[in-house]
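S.K.: My structure is stored as query23.cif, with mmCIF, C-alpha atoms.
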data_model
loop_
_atom_site.label_atom_id
_atom_site.label_comp_id
_atom_site.auth_asym_id
_atom_site.auth_seq_id
_atom_site.Cartn_x
_atom_site.Cartn_y
_atom_site.Cartn_z
CA MET A 1 30.96 -11.42 27.26
CA ASN A 2 28.03 -12.52 29.46
CA GLY A 3 27.30 -15.56 27.33
CA HIS A 4 26.75 -13.65 24.10
CA GLU A 5 28.33 -15.29 21.07
CA VAL A 6 30.01 -13.05 18.53
CA THR A 7 28.74 -14.10 15.14
CA THR A 8 28.22 -12.71 11.65
CA HIS A 9 25.29 -13.18 9.30
CA ASP A 10 25.75 -12.39 5.62
CA GLU A 11 22.54 -13.78 4.16
CA VAL A 12 19.97 -11.18 3.10
CA PRO A 13 16.44 -12.02 4.24
CA ARG A 14 13.67 -12.30 1.68
CA GLU A 15 10.72 -11.32 3.82
CA PHE A 16 10.40 -8.93 6.74
CA ASP A 17 7.45 -9.05 9.09
CA SER A 18 8.77 -6.21 11.24
CA ILE A 19 11.69 -3.86 11.56
CA GLU A 20 12.98 -5.88 14.49
CA ARG A 21 12.85 -9.20 12.61
CA GLU A 22 14.65 -7.70 9.64
CA ALA A 23 17.43 -6.22 11.74
CA ALA A 24 17.86 -9.46 13.66
CA LYS A 25 18.34 -11.46 10.48
CA TYR A 26 20.96 -9.00 9.27
CA ALA A 27 22.90 -8.63 12.47
CA GLY A 28 22.21 -11.62 14.72
CA ARG A 29 19.81 -11.90 17.63
CA SER A 30 20.91 -10.02 20.73
CA HIS A 31 24.59 -10.55 19.97
CA ARG A 32 27.36 -8.37 21.27
CA ARG A 33 29.88 -7.07 18.77
CA HIS A 34 32.97 -5.02 19.45
CA SER A 35 33.35 -1.91 17.37
CA ALA A 36 36.80 -1.43 15.88
CA ALA A 37 37.10 1.54 18.21
CA VAL A 38 37.31 -0.86 21.16
CA PHE A 39 40.60 -2.23 19.87
CA THR A 40 42.12 0.99 18.58
CA GLN A 41 41.21 3.65 21.12
CA THR A 42 41.52 4.12 24.88
CA LEU A 43 39.43 6.59 26.82
CA LYS A 44 41.36 9.41 28.38
CA PRO A 45 40.81 9.82 32.13
CA ALA A 46 38.99 13.13 31.63
CA ASN A 47 36.93 11.85 28.72
CA GLY A 48 33.88 10.27 30.30
CA PHE A 49 33.38 8.37 33.54
CA HIS A 50 34.51 4.84 32.71
CA ARG A 51 37.42 3.12 31.02
CA ARG A 52 35.34 0.15 29.88
CA PRO A 53 33.62 0.25 26.47
CA LEU A 54 30.11 1.62 26.39
CA GLU A 55 27.30 -0.76 25.43
CA LEU A 56 24.86 0.32 22.71
CA TYR A 57 21.70 -1.77 22.40
CA LEU A 58 20.24 -1.21 18.95
CA VAL A 59 18.12 -2.25 16.01
CA ARG A 60 20.21 -1.29 13.02
CA VAL A 61 17.39 -0.07 10.79
CA TYR A 62 16.06 2.35 13.42
CA PRO A 63 17.27 5.86 12.52
CA ALA A 64 17.94 6.84 16.14
CA CYS A 65 20.16 3.78 16.62
CA ARG A 66 22.12 4.57 13.51
CA ALA A 67 22.65 8.19 14.53
CA VAL A 68 23.99 7.24 17.96
CA TRP A 69 26.24 4.56 16.48
CA PHE A 70 27.54 7.09 13.94
CA TYR A 71 28.41 9.56 16.72
CA LEU A 72 30.29 6.88 18.66
CA LEU A 73 32.32 5.96 15.59
CA GLN A 74 32.88 9.55 14.53
CA HIS A 75 34.42 10.44 17.88
CA ASN A 76 36.29 7.19 18.48
CA ILE A 77 34.39 6.33 21.64
CA PRO A 78 35.02 2.65 22.51
CA HIS A 79 31.79 0.69 22.46
CA ILE A 80 30.16 -2.70 22.08
CA LEU A 81 27.09 -3.18 19.88
CA VAL A 82 24.31 -5.42 21.17
CA ASP A 83 21.76 -6.23 18.46
CA VAL A 84 18.22 -6.59 19.81
CA ASP A 85 15.42 -8.64 18.22
CA PHE A 86 12.04 -7.70 19.67
CA SER A 87 10.24 -10.23 17.47
CA GLN A 88 11.57 -13.15 19.55
CA GLY A 89 9.52 -12.20 22.58
CA GLU A 90 10.25 -10.49 25.88
CA ALA A 91 11.94 -13.52 27.42
CA ARG A 92 14.65 -13.42 24.73
CA LEU A 93 15.46 -9.74 25.17
CA PRO A 94 18.72 -8.69 26.86
CA GLU A 95 18.27 -8.04 30.56
CA VAL A 96 19.07 -4.33 30.14
CA VAL A 97 16.19 -3.96 27.69
CA ARG A 98 13.77 -5.96 29.85
CA ARG A 99 14.51 -3.72 32.84
CA GLN A 100 13.65 -0.54 30.95
CA PRO A 101 10.01 0.60 31.34
CA HIS A 102 9.74 1.69 27.69
CA ARG A 103 11.59 -1.29 26.18
CA GLU A 104 12.82 0.86 23.32
CA VAL A 105 16.16 1.19 21.57
CA PRO A 106 18.64 2.74 21.38
CA ILE A 107 19.81 2.16 24.94
CA LEU A 108 23.29 3.17 26.09
CA VAL A 109 24.93 1.63 29.15
CA ASP A 110 27.93 3.39 30.67
CA GLY A 111 28.79 1.63 33.89
CA GLU A 112 25.93 2.31 36.29
CA PHE A 113 24.31 4.82 33.93
CA VAL A 114 21.57 3.73 31.53
CA ILE A 115 20.13 6.17 28.97
CA PHE A 116 17.48 5.61 26.32
CA ASP A 117 16.23 7.71 23.37
CA GLY A 118 18.49 9.04 20.64
CA PRO A 119 18.71 12.76 21.52
CA ALA A 120 19.13 11.98 25.23
CA ILE A 121 22.00 9.57 24.51
CA LEU A 122 23.69 12.09 22.21
CA ALA A 123 23.33 14.80 24.86
CA TYR A 124 24.97 12.48 27.42
CA LEU A 125 27.84 11.66 25.08
CA GLY A 126 28.31 15.32 24.21
CA SER A 127 28.39 16.37 27.85
CA ASN A 128 30.62 13.58 29.15
CA TYR A 129 32.77 12.39 26.25
CA THR A 130 33.18 14.94 23.45
CA ASP A 131 32.62 18.41 24.95
CA HIS A 132 29.74 18.66 22.45
CA ALA A 133 31.96 18.13 19.42
CA GLY A 134 29.77 17.84 16.35
CA TYR A 135 27.14 20.22 17.74
CA GLY A 136 28.50 23.38 16.11
CA PHE A 137 31.06 25.99 17.08
CA THR A 138 28.74 28.66 18.47
CA LEU A 139 26.09 28.56 21.16
CA GLN A 140 23.38 29.31 18.60
CA ALA A 141 24.59 26.48 16.35
CA ARG A 142 24.56 24.09 19.29
CA LEU A 143 21.05 25.13 20.32
CA THR A 144 19.81 24.78 16.75
CA THR A 145 21.42 21.35 16.55
CA GLU A 146 19.69 20.23 19.75
CA SER A 147 16.36 21.55 18.48
CA LEU A 148 16.74 19.74 15.17
CA LEU A 149 17.60 16.50 16.94
CA SER A 150 14.33 16.68 18.87
CA TRP A 151 12.40 17.52 15.70
CA ALA A 152 13.97 14.70 13.67
CA ASN A 153 13.48 12.13 16.43
CA ALA A 154 9.80 12.95 16.94
CA GLU A 155 7.90 14.84 14.24
CA LEU A 156 10.04 13.98 11.21
CA HIS A 157 10.37 10.28 12.04
CA ARG A 158 6.65 10.05 12.80
CA CYS A 159 5.93 11.38 9.32
CA VAL A 160 8.66 9.65 7.31
CA GLY A 161 8.55 6.36 9.16
CA PHE A 162 5.25 5.61 10.85
CA ASN A 163 2.90 7.55 8.56
CA TYR A 164 4.55 6.95 5.19
CA THR A 165 7.27 4.29 4.82
CA TYR A 166 6.60 1.60 7.43
CA PRO A 167 2.86 1.12 6.66
CA GLN A 168 3.83 0.27 3.08
CA PHE A 169 6.28 -2.49 4.00
CA LEU A 170 5.82 -3.71 7.57
CA ASP A 171 2.66 -5.42 8.78
CA LYS A 172 3.37 -4.34 12.34
CA TYR A 173 2.85 -0.70 11.35
CA SER A 174 0.10 -1.17 8.75
CA LEU A 175 -3.57 -0.54 9.49
CA PRO A 176 -5.85 -3.60 9.19
CA ASP A 177 -8.13 -1.88 6.68
CA ALA A 178 -6.42 -1.45 3.30
CA ARG A 179 -8.22 1.80 2.50
CA ALA A 180 -7.37 3.29 5.86
CA ASN A 181 -3.74 2.27 5.41
CA GLU A 182 -3.68 3.87 1.95
CA ALA A 183 -5.11 7.07 3.42
CA LEU A 184 -2.45 7.04 6.15
CA VAL A 185 0.33 6.71 3.57
CA GLU A 186 -1.19 9.48 1.44
CA GLN A 187 -1.37 11.78 4.47
CA GLY A 188 2.22 10.86 5.33
CA LEU A 189 3.32 11.81 1.82
CA LYS A 190 1.70 15.23 2.18
CA GLN A 191 3.42 15.74 5.52
CA LEU A 192 6.72 14.66 3.98
CA GLY A 193 6.33 17.30 1.27
CA ARG A 194 5.84 20.01 3.87
CA HIS A 195 8.93 18.92 5.81
CA LEU A 196 11.02 18.83 2.64
CA GLU A 197 9.84 22.33 1.73
CA LEU A 198 10.88 23.49 5.19
CA LEU A 199 14.35 22.03 4.80
CA GLU A 200 14.68 23.35 1.25
CA LYS A 201 13.68 26.97 1.88
CA LYS A 202 14.43 27.63 5.55
CA TYR A 203 17.62 25.68 6.16
CA LEU A 204 19.43 24.75 2.95
CA GLU A 205 18.69 27.49 0.42
CA SER A 206 21.69 29.59 1.44
CA LYS A 207 24.03 27.19 3.26
CA PRO A 208 25.40 23.68 2.64
CA PHE A 209 24.36 22.19 5.98
CA LEU A 210 21.51 22.70 8.41
CA THR A 211 23.32 25.01 10.82
CA GLY A 212 26.02 26.51 8.58
CA ASN A 213 29.06 25.57 6.56
CA ARG A 214 29.96 22.40 8.47
CA PRO A 215 27.93 19.27 9.20
CA THR A 216 26.73 18.61 12.73
CA ILE A 217 25.11 15.58 14.31
CA ALA A 218 21.79 17.22 13.38
CA ASP A 219 22.59 16.75 9.69
CA THR A 220 23.33 13.08 10.30
CA TYR A 221 20.21 12.53 12.39
CA VAL A 222 17.84 14.28 9.96
CA ALA A 223 19.43 12.49 6.99
CA THR A 224 19.27 9.05 8.59
CA VAL A 225 15.54 9.56 9.18
CA LEU A 226 14.97 10.94 5.70
CA VAL A 227 16.65 8.05 3.88
CA GLN A 228 13.84 5.76 5.08
CA VAL A 229 11.86 7.08 2.08
CA GLU A 230 14.33 5.20 -0.15
CA TRP A 231 12.43 2.02 0.74
CA SER A 232 9.55 3.22 -1.43
CA GLY A 233 11.76 4.62 -4.20
CA THR A 234 10.80 8.20 -3.38
CA HIS A 235 13.04 10.73 -5.12
CA LEU A 236 13.95 14.22 -3.91
CA ALA A 237 14.57 15.93 -7.26
CA MET A 238 11.79 18.45 -6.53
CA TRP A 239 13.91 19.69 -3.62
CA PRO A 240 17.36 20.18 -5.20
CA HIS A 241 18.98 21.76 -2.14
CA VAL A 242 17.82 18.83 0.01
CA GLU A 243 19.03 16.33 -2.57
CA LYS A 244 22.49 17.88 -2.79
CA TRP A 245 22.70 18.22 1.00
CA LEU A 246 21.80 14.56 1.46
CA GLY A 247 24.61 13.60 -0.92
CA ARG A 248 27.07 15.63 1.14
CA VAL A 249 25.94 14.04 4.39
CA LYS A 250 26.21 10.56 2.90
CA ASN A 251 29.84 11.28 2.01
CA GLN A 252 30.81 11.43 5.67
CA VAL A 253 33.15 8.78 7.01
CA HIS A 254 31.24 5.95 8.75
CA TRP A 255 27.96 6.64 6.90
CA ASP A 256 28.17 3.44 4.86
CA THR A 257 29.13 1.36 7.90
CA VAL A 258 26.18 2.57 9.92
CA HIS A 259 23.75 2.21 7.01
CA SER A 260 24.85 -1.24 5.84
CA ALA A 261 21.61 -2.96 6.99
CA HIS A 262 19.56 -0.18 5.39
CA ASN A 263 21.42 -0.59 2.11
CA MET A 264 21.06 -4.37 2.20
CA TYR A 265 17.31 -3.98 2.58
CA LEU A 266 17.21 -1.59 -0.37
CA ASN A 267 19.09 -4.14 -2.48
CA GLU A 268 16.63 -6.84 -1.45
CA LEU A 269 13.65 -4.64 -2.35
CA GLU A 270 15.18 -3.96 -5.75
CA ARG A 271 15.81 -7.66 -6.31
CA CYS A 272 12.22 -8.51 -5.40
CA SER A 273 10.85 -5.79 -7.71
CA LEU A 274 12.82 -7.22 -10.62
CA MET A 275 11.32 -10.65 -9.95
CA ASP A 276 7.73 -9.35 -9.98
#
Output the file's structure in the form of structure tokens.

M.R.:
Amino acid sequence: MNGHEVTTHDEVPREFDSIEREAAKYAGRSHRRHSAAVFTQTLKPANGFHRRPLELYLVRVYPACRAVWFYLLQHNIPHILVDVDFSQGEARLPEVVRRQPHREVPILVDGEFVIFDGPAILAYLGSNYTDHAGYGFTLQARLTTESLLSWANAELHRCVGFNYTYPQFLDKYSLPDARANEALVEQGLKQLGRHLELLEKKYLESKPFLTGNRPTIADTYVATVLVQVEWSGTHLAMWPHVEKWLGRVKNQVHWDTVHSAHNMYLNELERCSLMD
């Protein structure tokens, strides 16, 4: 296991200085963990390039990491999770992360192949492991799914995460000036409203999921970004189709597993609010 100790950490942290520090306290610092799929599934010769488990380097509260992990579980692709803690400094990062120019997660390692960025990893898995299962049954559904993945990873996460949620809770993403930070959050909230209106009226008004009657990986990706607003207690009652859709997506198998760190953080925020 290359010197990585398999450990578990059940204690919920009380303070979080960054997303990376929070995730590290939940999941262990740069530890490898076997998914259950490693022990229960074997890759078929035609299903991917390698028989060994894939390695997913992740921070468990990053939406892109959760979406990739969900896809691996959903399609029984054997894998090992390697939790990464950026707050410990570059010297403590796994070698795979240090070698990458962008030093961002998620990173997927499949033998000699290394891929970073959520949509790119999902595209690789779809092409080489699942024959694009979970992307929709028609070409148009698949293309819409791919477009939504790009939108969720970039524009939606920029709004929901970096302009609205993270500046309220994480010093790393807050502006030094309190007024400027408040203005950033207010602008993020306005952007969030526009995105929710788009989902409500253009995608979900006449169908249960974003591309039709069945969920795709786009539903999971968009939802895992959108639930970041739960940190601030934001409710979606003004967008009833979005609210009902989010409930359906959350009912998928593996959702709770992938969002365990997210849910633990929500519980900690609630506990702290009750103590105030």

S.K.: Which is closer to Gln228 of chain A than all the others in A:Thr165, A:Thr216, A:Ser206, A:Ser174, using all atoms listed in the file?

M.R.: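 Ranking A:Thr165, A:Thr216, A:Ser206, A:Ser174 by distance to Gln228 of chain A, first place goes to A:Thr165.
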
S.K.: Neighbours of Leu148 of chain A within 12 Å (all atoms listed in the file; same-chain residues fewer than 6 positions away dropped), as a list in words?

M.R.: Pro119, Tyr135, Ala141, Arg142, Ala154, Glu155, Leu156, His157, Leu199, Tyr203, Leu210, Thr211, Thr216, Ile217, Ala218, Asp219, Thr220, Tyr221, Val222, Ala223 and Val225 of chain A

S.K.: I'd like the contact shell of segment 235-246 of chain A - 10 Å cut-off, all atoms listed in the file, skipping same-chain residues fewer than 4 positions apart - returned as a PyMOL selection string.

M.R.: chain A and resi 193+196-201+203-210+215+219-220+222-224+226-227+229-230+250-251

S.K.: For the selection just defined, write its residues with C-alpha atoms to a file, as a CSV table (one decimal), in the coordinates of the input.

M.R.:
chain,number,residue,atom,x,y,z
A,193,GLY,CA,6.3,17.3,1.3
A,196,LEU,CA,11.0,18.8,2.6
A,197,GLU,CA,9.8,22.3,1.7
A,198,LEU,CA,10.9,23.5,5.2
A,199,LEU,CA,14.4,22.0,4.8
A,200,GLU,CA,14.7,23.4,1.2
A,201,LYS,CA,13.7,27.0,1.9
A,203,TYR,CA,17.6,25.7,6.2
A,204,LEU,CA,19.4,24.8,3.0
A,205,GLU,CA,18.7,27.5,0.4
A,206,SER,CA,21.7,29.6,1.4
A,207,LYS,CA,24.0,27.2,3.3
A,208,PRO,CA,25.4,23.7,2.6
A,209,PHE,CA,24.4,22.2,6.0
A,210,LEU,CA,21.5,22.7,8.4
A,215,PRO,CA,27.9,19.3,9.2
A,219,ASP,CA,22.6,16.8,9.7
A,220,THR,CA,23.3,13.1,10.3
A,222,VAL,CA,17.8,14.3,10.0
A,223,ALA,CA,19.4,12.5,7.0
A,224,THR,CA,19.3,9.0,8.6
A,226,LEU,CA,15.0,10.9,5.7
A,227,VAL,CA,16.6,8.0,3.9
A,229,VAL,CA,11.9,7.1,2.1
A,230,GLU,CA,14.3,5.2,-0.2
A,250,LYS,CA,26.2,10.6,2.9
A,251,ASN,CA,29.8,11.3,2.0

S.K.: For this file, the PyMOL selection byres ((chain A and resi 65-74) around 8) selects which residues, as a ChimeraX atom specification?

M.R.: /A:37,56,58-64,75-79,105-106,118,121-122,217,220-221,224,253-255,258-259

S.K.: What separation in Å, quoted to one decimal, exists between atom CA of Asn163 of chain A and atom CA of Gly188 of chain A?

M.R.: 4.7 Å

S.K.: Provide segment 110-131 of chain A of the preceding structure as a file containing N, CA, C and O atoms, as a PDB file, in the first residue's frame.

M.R.:
ATOM      1  N   ASP A 110      -5.065   5.337 -13.409  1.00  0.00           N
ATOM      2  CA  ASP A 110      -5.383   4.025 -13.960  1.00  0.00           C
ATOM      3  C   ASP A 110      -4.127   3.511 -14.660  1.00  0.00           C
ATOM      4  O   ASP A 110      -3.897   3.783 -15.836  1.00  0.00           O
ATOM      5  N   GLY A 111      -3.315   2.787 -13.896  1.00  0.00           N
ATOM      6  CA  GLY A 111      -2.049   2.338 -14.466  1.00  0.00           C
ATOM      7  C   GLY A 111      -1.176   3.522 -14.823  1.00  0.00           C
ATOM      8  O   GLY A 111      -0.850   4.356 -13.982  1.00  0.00           O
ATOM      9  N   GLU A 112      -0.793   3.625 -16.082  1.00  0.00           N
ATOM     10  CA  GLU A 112       0.060   4.723 -16.523  1.00  0.00           C
ATOM     11  C   GLU A 112      -0.720   5.989 -16.846  1.00  0.00           C
ATOM     12  O   GLU A 112      -0.137   7.033 -17.125  1.00  0.00           O
ATOM     13  N   PHE A 113      -2.056   5.908 -16.801  1.00  0.00           N
ATOM     14  CA  PHE A 113      -2.871   7.063 -17.154  1.00  0.00           C
ATOM     15  C   PHE A 113      -3.259   7.858 -15.914  1.00  0.00           C
ATOM     16  O   PHE A 113      -3.693   7.286 -14.901  1.00  0.00           O
ATOM     17  N   VAL A 114      -3.092   9.175 -15.997  1.00  0.00           N
ATOM     18  CA  VAL A 114      -3.456  10.078 -14.907  1.00  0.00           C
ATOM     19  C   VAL A 114      -4.372  11.155 -15.487  1.00  0.00           C
ATOM     20  O   VAL A 114      -4.020  11.814 -16.469  1.00  0.00           O
ATOM     21  N   ILE A 115      -5.549  11.326 -14.872  1.00  0.00           N
ATOM     22  CA  ILE A 115      -6.544  12.282 -15.359  1.00  0.00           C
ATOM     23  C   ILE A 115      -6.990  13.142 -14.199  1.00  0.00           C
ATOM     24  O   ILE A 115      -7.184  12.646 -13.090  1.00  0.00           O
ATOM     25  N   PHE A 116      -7.117  14.455 -14.427  1.00  0.00           N
ATOM     26  CA  PHE A 116      -7.660  15.318 -13.388  1.00  0.00           C
ATOM     27  C   PHE A 116      -8.868  16.066 -13.944  1.00  0.00           C
ATOM     28  O   PHE A 116      -9.082  16.121 -15.150  1.00  0.00           O
ATOM     29  N   ASP A 117      -9.673  16.620 -13.028  1.00  0.00           N
ATOM     30  CA  ASP A 117     -10.889  17.374 -13.319  1.00  0.00           C
ATOM     31  C   ASP A 117     -12.083  16.428 -13.479  1.00  0.00           C
ATOM     32  O   ASP A 117     -12.004  15.421 -14.205  1.00  0.00           O
ATOM     33  N   GLY A 118     -13.164  16.753 -12.773  1.00  0.00           N
ATOM     34  CA  GLY A 118     -14.308  15.866 -12.695  1.00  0.00           C
ATOM     35  C   GLY A 118     -14.881  15.417 -14.029  1.00  0.00           C
ATOM     36  O   GLY A 118     -14.976  14.210 -14.302  1.00  0.00           O
ATOM     37  N   PRO A 119     -15.311  16.349 -14.901  1.00  0.00           N
ATOM     38  CA  PRO A 119     -15.872  15.922 -16.181  1.00  0.00           C
ATOM     39  C   PRO A 119     -14.913  15.100 -17.028  1.00  0.00           C
ATOM     40  O   PRO A 119     -15.331  14.167 -17.715  1.00  0.00           O
ATOM     41  N   ALA A 120     -13.619  15.437 -16.999  1.00  0.00           N
ATOM     42  CA  ALA A 120     -12.636  14.682 -17.784  1.00  0.00           C
ATOM     43  C   ALA A 120     -12.514  13.255 -17.259  1.00  0.00           C
ATOM     44  O   ALA A 120     -12.418  12.290 -18.040  1.00  0.00           O
ATOM     45  N   ILE A 121     -12.506  13.089 -15.936  1.00  0.00           N
ATOM     46  CA  ILE A 121     -12.431  11.749 -15.350  1.00  0.00           C
ATOM     47  C   ILE A 121     -13.671  10.950 -15.707  1.00  0.00           C
ATOM     48  O   ILE A 121     -13.592   9.770 -16.085  1.00  0.00           O
ATOM     49  N   LEU A 122     -14.850  11.555 -15.596  1.00  0.00           N
ATOM     50  CA  LEU A 122     -16.085  10.858 -15.938  1.00  0.00           C
ATOM     51  C   LEU A 122     -16.106  10.461 -17.408  1.00  0.00           C
ATOM     52  O   LEU A 122     -16.566   9.370 -17.765  1.00  0.00           O
ATOM     53  N   ALA A 123     -15.613  11.335 -18.279  1.00  0.00           N
ATOM     54  CA  ALA A 123     -15.549  11.003 -19.705  1.00  0.00           C
ATOM     55  C   ALA A 123     -14.632   9.809 -19.940  1.00  0.00           C
ATOM     56  O   ALA A 123     -14.933   8.919 -20.746  1.00  0.00           O
ATOM     57  N   TYR A 124     -13.505   9.768 -19.224  1.00  0.00           N
ATOM     58  CA  TYR A 124     -12.578   8.629 -19.345  1.00  0.00           C
ATOM     59  C   TYR A 124     -13.236   7.338 -18.867  1.00  0.00           C
ATOM     60  O   TYR A 124     -13.146   6.299 -19.547  1.00  0.00           O
ATOM     61  N   LEU A 125     -13.895   7.405 -17.729  1.00  0.00           N
ATOM     62  CA  LEU A 125     -14.568   6.208 -17.209  1.00  0.00           C
ATOM     63  C   LEU A 125     -15.684   5.762 -18.141  1.00  0.00           C
ATOM     64  O   LEU A 125     -15.867   4.563 -18.386  1.00  0.00           O
ATOM     65  N   GLY A 126     -16.436   6.707 -18.679  1.00  0.00           N
ATOM     66  CA  GLY A 126     -17.504   6.358 -19.600  1.00  0.00           C
ATOM     67  C   GLY A 126     -16.986   5.710 -20.867  1.00  0.00           C
ATOM     68  O   GLY A 126     -17.579   4.742 -21.375  1.00  0.00           O
ATOM     69  N   SER A 127     -15.874   6.203 -21.374  1.00  0.00           N
ATOM     70  CA  SER A 127     -15.322   5.677 -22.629  1.00  0.00           C
ATOM     71  C   SER A 127     -14.669   4.315 -22.438  1.00  0.00           C
ATOM     72  O   SER A 127     -14.740   3.451 -23.323  1.00  0.00           O
ATOM     73  N   ASN A 128     -14.031   4.097 -21.283  1.00  0.00           N
ATOM     74  CA  ASN A 128     -13.182   2.921 -21.119  1.00  0.00           C
ATOM     75  C   ASN A 128     -13.696   1.875 -20.143  1.00  0.00           C
ATOM     76  O   ASN A 128     -13.155   0.760 -20.107  1.00  0.00           O
ATOM     77  N   TYR A 129     -14.740   2.204 -19.377  1.00  0.00           N
ATOM     78  CA  TYR A 129     -15.225   1.264 -18.371  1.00  0.00           C
ATOM     79  C   TYR A 129     -16.716   0.968 -18.442  1.00  0.00           C
ATOM     80  O   TYR A 129     -17.142  -0.115 -18.067  1.00  0.00           O
ATOM     81  N   THR A 130     -17.540   1.916 -18.849  1.00  0.00           N
ATOM     82  CA  THR A 130     -18.993   1.720 -18.720  1.00  0.00           C
ATOM     83  C   THR A 130     -19.754   1.863 -20.028  1.00  0.00           C
ATOM     84  O   THR A 130     -20.983   1.751 -20.019  1.00  0.00           O
ATOM     85  N   ASP A 131     -19.059   2.106 -21.135  1.00  0.00           N
ATOM     86  CA  ASP A 131     -19.746   2.375 -22.403  1.00  0.00           C
ATOM     87  C   ASP A 131     -20.764   3.504 -22.221  1.00  0.00           C
ATOM     88  O   ASP A 131     -21.859   3.486 -22.747  1.00  0.00           O
TER      89      ASP A 131
END
